[in-house]
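What follows is a short report on a single structure.
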Amino acid sequence: MSENRLTNILVPVFAVILGIIVGAIVMLVSGYDPIAGYSALLYGAFGDRYYIGETIRQVTPYILAGLAVAFAFRTGLFNIGVEGQLIVGWLAAVWVGVAFELPKVIHLPLAIFAAAAAGALWGFIPGFLKARFRVHEVIVTIMMNYIALYVSNAVIRSVLSDQGFKSEKIYPSASLRSEFLQSLTDYSTLHYGIIISLIAAVVMWFLLEKTTTGYELRAVGFNQHASHYAGMNVNRNIVLSMVISGVFAGIAGAMEGLGTFENVSVKAGFTGVGFDGIAVALLGGNHAFGIILAAILFGALKVGALEMPSAADVPTELVDIVIALIIFFVASSYLIRLVLTRLKKEGK
Amino acid sequence: MEYVIEMLNIRKVFGSFVANDNITLQLKKGEIHALLGENGAGKSTLMNVLFGLYQPDGGEIRVKGKKVNIPNPNVANDLGIGMVHQHFMLVDTFTVTENIILGSEPTKSGQIDIERAEQEVRELSERYGLAVDPKAKIADISVGMQQRVEILKTLYRGADILIFDEPTAVLTPQEIQELIQIMKALVREGKSIILITHKLKEIMEVCDRVTVIRRGKGIGTLNVSETNPNELAALMVGREVHFKTEKQPPKVGKPVLEIQDLVVKDSRGITVVDHLHLTVHAGEIVGIAGVDGNGQTELIEAITGLMKSESGSIRLNGKEIRNLTPRQITETGVGHIPQDRHKHGLVLDFSIGENMVLQTYYKEPYSKRGVLNFKAIYDKARQLIQEFDVRTPDEYTKARALSGGNQQKAIIGREVDRDPDLLIAAQPTRGLDVGAIEFIHKRLIEQRDRGKAVLLVSFELDEIMNVSDRIAVIYEGKIVAIVDPKETTEQELGLLMAGSKRKEAGVSS
Ligand SMILES: Nc1ncnc2c1ncn2[C@@H]1O[C@H](COP(=O)(O)OP(=O)(O)OP(=O)(O)O)[C@@H](O)[C@H]1O
Ligand SMILES: [Mg+2]
């Protein structure tokens, strides 16, 4: 039992190390200095207060996107639609942020609530179609991503601006930004969202592991027949799972809209945060605590990479290769497990 | 070189739990060798070691006198060892031939030579009298046929040592007789067989020798001709076992379950339960006897709400429960030991504890205001594990890691413990050892004596005759006769189940 848990922790750690090593080889082969590259990466992520602030800011939506993917996955569903749910969440949050001016204690929660509701709606549709007509959620959520992207762009152009490319800035009463956090981190874009995302992680863990709702959701995810036999409403649970997953994703969008950017602009393509959430969830073992660690890694890689071209002449694309390699090694965890058991055998 | 397989002092440990403790098993060429032991004794584990699915922690394996190391099933295949698992590993949408050649496809200029494969499969099937249609889809053939496909799979790969893990547990009596003929044909052709079964009758009928294990330890190997079922049962359980359960005459009370004119159609719209009438009273056990596929499964699913029925009436203590949801039906006092424990009975990836509250998790003390109380849950689990002798390292172990028989005991414990007014038991002792069967029968009778109604469905006539107070014979979706077990014989039951009419008017309930 505990031996198993240890392997579960060791596998992603090994995957990360392998990814970094193979990434170094790729740098060497393409004529870059891996040590300089990784030093720049590390410096760019944690080198001074400003970078740390930027990294934490990037970690925030990653945690929430990872939670969204993991929540659905733990209950037997594959939510590829986190990206779309995040986009509508972003849009809804900013909409509320620019439409009213209210006291902060009302305005900020209301904007976040709007984002959660939008994400929930975007999750509800594929959940409902799956429960009612057995349409596979992967297909529908991919479709919903495109609908989200273009609906959001259309609303920004025609409602939130006068045929412009971005909305107004949200009222300060809806903003997550904080003078205090900014001054602490040398005027980075760090905002209070990180606290929300950490609370969300605790909520996800509690909901899934400690409540009767979570018990039902997990039971349905593992075995629908037995859940039906035990008197659970299988269809209701499928919809609920997608809705809750969408709530996490929607709030991730609110982090961008109310914290990082304080507005919403027309997008040429997907933000990628929702898709990275899949990798975060995978690396984090679909566990709330693991997801926080994985999100820190991905956030650090993303932010640190910006420093690589100027400090070490290494193109940022190489970081994407390293990320891809890590995902590859996590996905092929079977291999790592094999190596680990071999090592253990010999150690005995 | 007398032995084709020698497993010497095999040891296998899971964590701190010793599943196999220096077990020795030697298989002679051309014999059928039974492996006998209680649920959780370590039989499947031992065979998985031989088949390369588990690595032993001690001991050695010899094949035809040569010491070997079997790191995975491919190596086992190369050594001529084939295994027919209890849970089949077939692709439903593939044909018989496609399933058989999967992984070792014959090719002709880069393409799969399906015709040659079909020819080979047909030849093999004829040689051993398996009567399998190489072109049939797996989804369309019976469980018994699927098992033969598994047998063919091992033969196709050139196995001459075959391991059968509880092959008869999923078969009807008719299919069991056919399987016995097949096994005899296999040894005539020079194959050697290891057979795991809990049915002592089968061991006496086909096996040459039997190795008994108890709680992971080898007890010894006997010649079947020099032993008897009582001795075998005592050896494996470690005490005397009574095959016939003692019981007092029933004190029949008011009707608990009343079914009138029930019609159930399957997904294709075919009537499978056909205007059925049946009453079960408090304080009695009614056994339903019938050949598989005569509507038993659908009848139970209709009562428990797993399946919708067309028309008629199902009343529990006078209250209409037809087409209510499973939860509503459970709460009116119905317990259900389902026929398929992996599909309906358990969430295999949940711990034993979590499985013990599958229908009650939302009630106190297992949860309060939506928050689970794990202490109460695991306390309950510990109590049931004790009471029902579920052999497991602890209550946190995943249900998946339990042996088949112990999974069944866990389900029975859960259902009996809820103390329902009506307990439906479908094949409750399938895959259980003789000791556990005796125990389960006692518990069913105990429920009856406490004034509960029990509806028992079983393909084992022994069980039906032994436990029931009344026997209802089902045929083509109708109850065609109600008989008293003390006044009938297996022959008569067999005839009734095959659809022949009884002379006396027996169709009243
Ligand atoms: N992968 C595993 N991890 C932990 N324990 C295991 C595992 N597999 C089996 N066990 C334990 O080992 C014991 C022996 O199991 P095994 O499946 O060999 O029993 P069996 O003799 O085949 O019983 P049955 O007749 O009920 O099928 C059981 O107590 C079971 O809980
Ligand atoms: Mg077994």
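Following the order of the structure tokens, chains are lettered A, B, ..., residues in each are numbered from 1, and ligands are numbered from 1.
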As JSON, numbers by chain, please: all residues of region 289-410 of chain B that backbone DSSP puts in strand (DSSP E).
{"B": [289, 311, 312, 313, 314, 315, 316, 319, 320, 334, 335, 336, 337, 367, 368, 371, 372]}
Within 9 Å of Lys135 (chain B), counting only C-alpha atoms, which residues show up once you throw out same-chain ones fewer than 2 positions away? Write them as a CSV table (one decimal) with all heavy atoms, in the first residue's frame, please.
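Produced file result_26.csv, reproduced below:
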chain,number,residue,atom,x,y,z
B,95,THR,N,-14.2,-11.6,-34.0
B,95,THR,CA,-14.7,-12.9,-34.2
B,95,THR,C,-13.8,-13.9,-33.3
B,95,THR,O,-12.8,-13.5,-32.8
B,95,THR,CB,-14.6,-13.4,-35.6
B,95,THR,OG1,-13.2,-13.5,-36.0
B,95,THR,CG2,-15.2,-12.4,-36.6
B,96,VAL,N,-14.3,-15.1,-33.3
B,96,VAL,CA,-13.6,-16.1,-32.5
B,96,VAL,C,-12.1,-16.2,-33.0
B,96,VAL,O,-11.2,-16.2,-32.3
B,96,VAL,CB,-14.3,-17.5,-32.7
B,96,VAL,CG1,-13.4,-18.6,-32.2
B,96,VAL,CG2,-15.6,-17.4,-31.9
B,97,THR,N,-12.0,-16.3,-34.4
B,97,THR,CA,-10.6,-16.5,-34.9
B,97,THR,C,-9.8,-15.3,-34.6
B,97,THR,O,-8.6,-15.5,-34.2
B,97,THR,CB,-10.7,-16.7,-36.5
B,97,THR,OG1,-11.6,-17.8,-36.7
B,97,THR,CG2,-9.4,-17.0,-37.0
B,98,GLU,N,-10.3,-14.1,-34.8
B,98,GLU,CA,-9.5,-12.9,-34.6
B,98,GLU,C,-9.0,-12.9,-33.1
B,98,GLU,O,-7.9,-12.5,-32.9
B,98,GLU,CB,-10.3,-11.7,-34.9
B,98,GLU,CG,-10.5,-11.4,-36.4
B,98,GLU,CD,-11.6,-10.4,-36.7
B,98,GLU,OE1,-12.5,-10.2,-35.9
B,98,GLU,OE2,-11.6,-9.9,-37.8
B,118,GLU,N,-8.5,-19.4,-39.8
B,118,GLU,CA,-9.8,-20.0,-39.6
B,118,GLU,C,-9.8,-21.6,-39.7
B,118,GLU,O,-10.4,-22.3,-39.0
B,118,GLU,CB,-10.9,-19.4,-40.5
B,118,GLU,CG,-11.6,-18.3,-40.0
B,118,GLU,CD,-12.4,-17.5,-41.0
B,118,GLU,OE1,-12.7,-18.1,-42.0
B,118,GLU,OE2,-12.8,-16.4,-40.7
B,132,VAL,N,-16.7,-25.1,-31.9
B,132,VAL,CA,-16.7,-23.6,-31.9
B,132,VAL,C,-16.8,-23.1,-33.4
B,132,VAL,O,-16.1,-23.7,-34.2
B,132,VAL,CB,-15.5,-23.1,-31.2
B,132,VAL,CG1,-15.3,-21.6,-31.5
B,132,VAL,CG2,-15.5,-23.3,-29.8
B,133,ASP,N,-17.6,-22.1,-33.6
B,133,ASP,CA,-17.7,-21.6,-35.0
B,133,ASP,C,-16.6,-20.5,-35.1
B,133,ASP,O,-16.7,-19.4,-34.5
B,133,ASP,CB,-19.1,-21.0,-35.2
B,133,ASP,CG,-19.2,-20.2,-36.5
B,133,ASP,OD1,-18.2,-20.2,-37.3
B,133,ASP,OD2,-20.2,-19.6,-36.7
B,137,LYS,N,-19.1,-13.9,-33.8
B,137,LYS,CA,-18.6,-12.8,-33.0
B,137,LYS,C,-18.7,-13.2,-31.5
B,137,LYS,O,-19.6,-13.8,-31.1
B,137,LYS,CB,-19.5,-11.6,-33.2
B,137,LYS,CG,-19.1,-10.8,-34.4
B,137,LYS,CD,-19.0,-9.3,-34.1
B,137,LYS,CE,-18.3,-8.5,-35.2
B,137,LYS,NZ,-19.0,-8.6,-36.4
Please, what distance in Å, to one decimal, runs between CA of Val272 (chain B) and CA of Thr330 (chain B)?
23.6 Å
Which residues come within 12 Å of Val212 (chain B), counting only C-alpha atoms, excluding same-chain residues fewer than 5 positions away, as a PDB file with N, CA, C and O atoms, in the first residue's frame?
ATOM      1  N   ILE B  23       4.753 -23.510  -0.970  1.00  0.00           N
ATOM      2  CA  ILE B  23       3.834 -24.496  -1.533  1.00  0.00           C
ATOM      3  C   ILE B  23       4.543 -25.322  -2.604  1.00  0.00           C
ATOM      4  O   ILE B  23       5.302 -24.781  -3.417  1.00  0.00           O
ATOM      5  N   THR B  24       4.299 -26.607  -2.603  1.00  0.00           N
ATOM      6  CA  THR B  24       4.871 -27.488  -3.612  1.00  0.00           C
ATOM      7  C   THR B  24       3.750 -28.163  -4.389  1.00  0.00           C
ATOM      8  O   THR B  24       2.786 -28.657  -3.786  1.00  0.00           O
ATOM      9  N   LEU B  25       3.869 -28.115  -5.720  1.00  0.00           N
ATOM     10  CA  LEU B  25       2.871 -28.771  -6.565  1.00  0.00           C
ATOM     11  C   LEU B  25       3.604 -29.433  -7.718  1.00  0.00           C
ATOM     12  O   LEU B  25       4.417 -28.799  -8.395  1.00  0.00           O
ATOM     13  N   HIS B  33      -4.938 -32.525 -12.499  1.00  0.00           N
ATOM     14  CA  HIS B  33      -4.504 -32.329 -11.120  1.00  0.00           C
ATOM     15  C   HIS B  33      -5.329 -31.208 -10.521  1.00  0.00           C
ATOM     16  O   HIS B  33      -5.323 -30.088 -11.018  1.00  0.00           O
ATOM     17  N   ALA B  34      -6.068 -31.515  -9.454  1.00  0.00           N
ATOM     18  CA  ALA B  34      -6.900 -30.480  -8.846  1.00  0.00           C
ATOM     19  C   ALA B  34      -6.094 -29.679  -7.843  1.00  0.00           C
ATOM     20  O   ALA B  34      -5.209 -30.212  -7.173  1.00  0.00           O
ATOM     21  N   LEU B  35      -6.398 -28.364  -7.785  1.00  0.00           N
ATOM     22  CA  LEU B  35      -5.811 -27.513  -6.759  1.00  0.00           C
ATOM     23  C   LEU B  35      -6.975 -27.029  -5.909  1.00  0.00           C
ATOM     24  O   LEU B  35      -7.882 -26.356  -6.396  1.00  0.00           O
ATOM     25  N   LEU B  36      -6.961 -27.437  -4.650  1.00  0.00           N
ATOM     26  CA  LEU B  36      -8.129 -27.213  -3.794  1.00  0.00           C
ATOM     27  C   LEU B  36      -7.727 -26.380  -2.595  1.00  0.00           C
ATOM     28  O   LEU B  36      -6.659 -26.564  -2.022  1.00  0.00           O
ATOM     29  N   GLY B  37      -8.587 -25.467  -2.236  1.00  0.00           N
ATOM     30  CA  GLY B  37      -8.316 -24.643  -1.057  1.00  0.00           C
ATOM     31  C   GLY B  37      -9.427 -23.655  -0.854  1.00  0.00           C
ATOM     32  O   GLY B  37     -10.174 -23.349  -1.777  1.00  0.00           O
ATOM     33  N   GLU B  38      -9.528 -23.143   0.371  1.00  0.00           N
ATOM     34  CA  GLU B  38     -10.581 -22.185   0.689  1.00  0.00           C
ATOM     35  C   GLU B  38     -10.427 -20.913  -0.144  1.00  0.00           C
ATOM     36  O   GLU B  38      -9.390 -20.677  -0.753  1.00  0.00           O
ATOM     37  N   ALA B  41      -7.097 -18.869  -0.169  1.00  0.00           N
ATOM     38  CA  ALA B  41      -6.015 -19.751   0.263  1.00  0.00           C
ATOM     39  C   ALA B  41      -4.741 -19.485  -0.530  1.00  0.00           C
ATOM     40  O   ALA B  41      -3.642 -19.778  -0.068  1.00  0.00           O
ATOM     41  N   GLY B  42      -4.896 -18.921  -1.743  1.00  0.00           N
ATOM     42  CA  GLY B  42      -3.724 -18.600  -2.542  1.00  0.00           C
ATOM     43  C   GLY B  42      -3.604 -19.398  -3.826  1.00  0.00           C
ATOM     44  O   GLY B  42      -2.527 -19.473  -4.412  1.00  0.00           O
ATOM     45  N   LYS B  43      -4.713 -19.971  -4.290  1.00  0.00           N
ATOM     46  CA  LYS B  43      -4.677 -20.798  -5.498  1.00  0.00           C
ATOM     47  C   LYS B  43      -4.390 -19.958  -6.739  1.00  0.00           C
ATOM     48  O   LYS B  43      -3.480 -20.267  -7.514  1.00  0.00           O
ATOM     49  N   LEU B 195      -6.489 -27.997 -12.483  1.00  0.00           N
ATOM     50  CA  LEU B 195      -7.871 -27.517 -12.393  1.00  0.00           C
ATOM     51  C   LEU B 195      -8.133 -26.952 -11.002  1.00  0.00           C
ATOM     52  O   LEU B 195      -7.990 -27.641  -9.998  1.00  0.00           O
ATOM     53  N   ILE B 196      -8.508 -25.671 -10.970  1.00  0.00           N
ATOM     54  CA  ILE B 196      -8.929 -25.090  -9.689  1.00  0.00           C
ATOM     55  C   ILE B 196     -10.440 -25.157  -9.631  1.00  0.00           C
ATOM     56  O   ILE B 196     -11.117 -24.710 -10.557  1.00  0.00           O
ATOM     57  N   THR B 197     -10.980 -25.755  -8.590  1.00  0.00           N
ATOM     58  CA  THR B 197     -12.423 -25.774  -8.443  1.00  0.00           C
ATOM     59  C   THR B 197     -12.777 -25.953  -6.981  1.00  0.00           C
ATOM     60  O   THR B 197     -11.994 -26.484  -6.193  1.00  0.00           O
ATOM     61  N   HIS B 198     -13.971 -25.443  -6.623  1.00  0.00           N
ATOM     62  CA  HIS B 198     -14.461 -25.637  -5.261  1.00  0.00           C
ATOM     63  C   HIS B 198     -15.439 -26.803  -5.199  1.00  0.00           C
ATOM     64  O   HIS B 198     -15.947 -27.126  -4.148  1.00  0.00           O
ATOM     65  N   LEU B 200     -16.306 -30.354  -5.093  1.00  0.00           N
ATOM     66  CA  LEU B 200     -15.637 -31.616  -4.802  1.00  0.00           C
ATOM     67  C   LEU B 200     -16.126 -32.723  -5.724  1.00  0.00           C
ATOM     68  O   LEU B 200     -15.385 -33.626  -6.084  1.00  0.00           O
ATOM     69  N   ILE B 203     -14.035 -32.792  -8.741  1.00  0.00           N
ATOM     70  CA  ILE B 203     -12.712 -33.360  -8.483  1.00  0.00           C
ATOM     71  C   ILE B 203     -12.805 -34.882  -8.479  1.00  0.00           C
ATOM     72  O   ILE B 203     -12.011 -35.574  -9.122  1.00  0.00           O
ATOM     73  N   LYS B 217      -0.585 -22.265   2.929  1.00  0.00           N
ATOM     74  CA  LYS B 217       0.370 -23.351   3.160  1.00  0.00           C
ATOM     75  C   LYS B 217      -0.072 -24.613   2.436  1.00  0.00           C
ATOM     76  O   LYS B 217      -1.262 -24.908   2.363  1.00  0.00           O
ATOM     77  N   GLY B 218       0.891 -25.382   1.919  1.00  0.00           N
ATOM     78  CA  GLY B 218       0.577 -26.648   1.280  1.00  0.00           C
ATOM     79  C   GLY B 218       0.238 -27.685   2.348  1.00  0.00           C
ATOM     80  O   GLY B 218       0.962 -27.843   3.324  1.00  0.00           O
ATOM     81  N   ILE B 219      -0.883 -28.402   2.164  1.00  0.00           N
ATOM     82  CA  ILE B 219      -1.267 -29.419   3.142  1.00  0.00           C
ATOM     83  C   ILE B 219      -0.834 -30.795   2.658  1.00  0.00           C
ATOM     84  O   ILE B 219      -0.495 -31.674   3.442  1.00  0.00           O
ATOM     85  N   GLY B 220      -0.827 -30.972   1.315  1.00  0.00           N
ATOM     86  CA  GLY B 220      -0.369 -32.246   0.794  1.00  0.00           C
ATOM     87  C   GLY B 220      -1.050 -32.601  -0.507  1.00  0.00           C
ATOM     88  O   GLY B 220      -1.954 -31.897  -0.960  1.00  0.00           O
ATOM     89  N   THR B 221      -0.578 -33.688  -1.127  1.00  0.00           N
ATOM     90  CA  THR B 221      -1.159 -34.146  -2.378  1.00  0.00           C
ATOM     91  C   THR B 221      -1.690 -35.556  -2.190  1.00  0.00           C
ATOM     92  O   THR B 221      -1.024 -36.400  -1.588  1.00  0.00           O
ATOM     93  N   LEU B 222      -2.912 -35.806  -2.687  1.00  0.00           N
ATOM     94  CA  LEU B 222      -3.545 -37.121  -2.510  1.00  0.00           C
ATOM     95  C   LEU B 222      -3.960 -37.699  -3.859  1.00  0.00           C
ATOM     96  O   LEU B 222      -4.205 -36.945  -4.807  1.00  0.00           O
ATOM     97  N   ASN B 223      -4.055 -39.031  -3.919  1.00  0.00           N
ATOM     98  CA  ASN B 223      -4.684 -39.651  -5.080  1.00  0.00           C
ATOM     99  C   ASN B 223      -6.188 -39.587  -4.892  1.00  0.00           C
ATOM    100  O   ASN B 223      -6.705 -39.952  -3.837  1.00  0.00           O
ATOM    101  N   VAL B 224      -6.889 -39.132  -5.917  1.00  0.00           N
ATOM    102  CA  VAL B 224      -8.333 -38.961  -5.784  1.00  0.00           C
ATOM    103  C   VAL B 224      -9.015 -40.296  -5.490  1.00  0.00           C
ATOM    104  O   VAL B 224      -9.969 -40.365  -4.721  1.00  0.00           O
ATOM    105  N   GLU B 231     -13.268 -36.069   3.427  1.00  0.00           N
ATOM    106  CA  GLU B 231     -11.884 -35.906   3.831  1.00  0.00           C
ATOM    107  C   GLU B 231     -11.290 -34.645   3.197  1.00  0.00           C
ATOM    108  O   GLU B 231     -10.606 -33.858   3.856  1.00  0.00           O
ATOM    109  N   LEU B 232     -11.581 -34.443   1.904  1.00  0.00           N
ATOM    110  CA  LEU B 232     -11.037 -33.281   1.207  1.00  0.00           C
ATOM    111  C   LEU B 232     -11.522 -31.989   1.866  1.00  0.00           C
ATOM    112  O   LEU B 232     -10.748 -31.059   2.101  1.00  0.00           O
ATOM    113  N   ALA B 233     -12.828 -31.946   2.149  1.00  0.00           N
ATOM    114  CA  ALA B 233     -13.389 -30.742   2.769  1.00  0.00           C
ATOM    115  C   ALA B 233     -12.729 -30.484   4.114  1.00  0.00           C
ATOM    116  O   ALA B 233     -12.338 -29.356   4.419  1.00  0.00           O
ATOM    117  N   ALA B 234     -12.562 -31.533   4.890  1.00  0.00           N
ATOM    118  CA  ALA B 234     -11.952 -31.359   6.204  1.00  0.00           C
ATOM    119  C   ALA B 234     -10.509 -30.880   6.066  1.00  0.00           C
ATOM    120  O   ALA B 234     -10.040 -30.028   6.818  1.00  0.00           O
ATOM    121  N   LEU B 235      -9.797 -31.426   5.065  1.00  0.00           N
ATOM    122  CA  LEU B 235      -8.400 -31.031   4.864  1.00  0.00           C
ATOM    123  C   LEU B 235      -8.279 -29.555   4.504  1.00  0.00           C
ATOM    124  O   LEU B 235      -7.416 -28.847   5.005  1.00  0.00           O
ATOM    125  N   MET B 236      -9.160 -29.101   3.619  1.00  0.00           N
ATOM    126  CA  MET B 236      -8.985 -27.722   3.155  1.00  0.00           C
ATOM    127  C   MET B 236      -9.471 -26.697   4.171  1.00  0.00           C
ATOM    128  O   MET B 236      -8.926 -25.622   4.286  1.00  0.00           O
ATOM    129  N   VAL B 237     -10.534 -27.036   4.909  1.00  0.00           N
ATOM    130  CA  VAL B 237     -11.089 -26.068   5.854  1.00  0.00           C
ATOM    131  C   VAL B 237     -10.440 -26.212   7.226  1.00  0.00           C
ATOM    132  O   VAL B 237     -10.353 -25.260   7.989  1.00  0.00           O
ATOM    133  N   GLY B 238      -9.987 -27.409   7.533  1.00  0.00           N
ATOM    134  CA  GLY B 238      -9.372 -27.621   8.829  1.00  0.00           C
ATOM    135  C   GLY B 238     -10.382 -28.025   9.895  1.00  0.00           C
ATOM    136  O   GLY B 238     -10.107 -27.963  11.086  1.00  0.00           O
TER     137      GLY B 238
END
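With the cut-off set to 7 Å and only C-alpha atoms and all ligand atoms counted, the residues surrounding ligand 2 are B:Gly40, B:Lys43, B:Ser44, B:Asp165, B:Ser403, B:Gly404.
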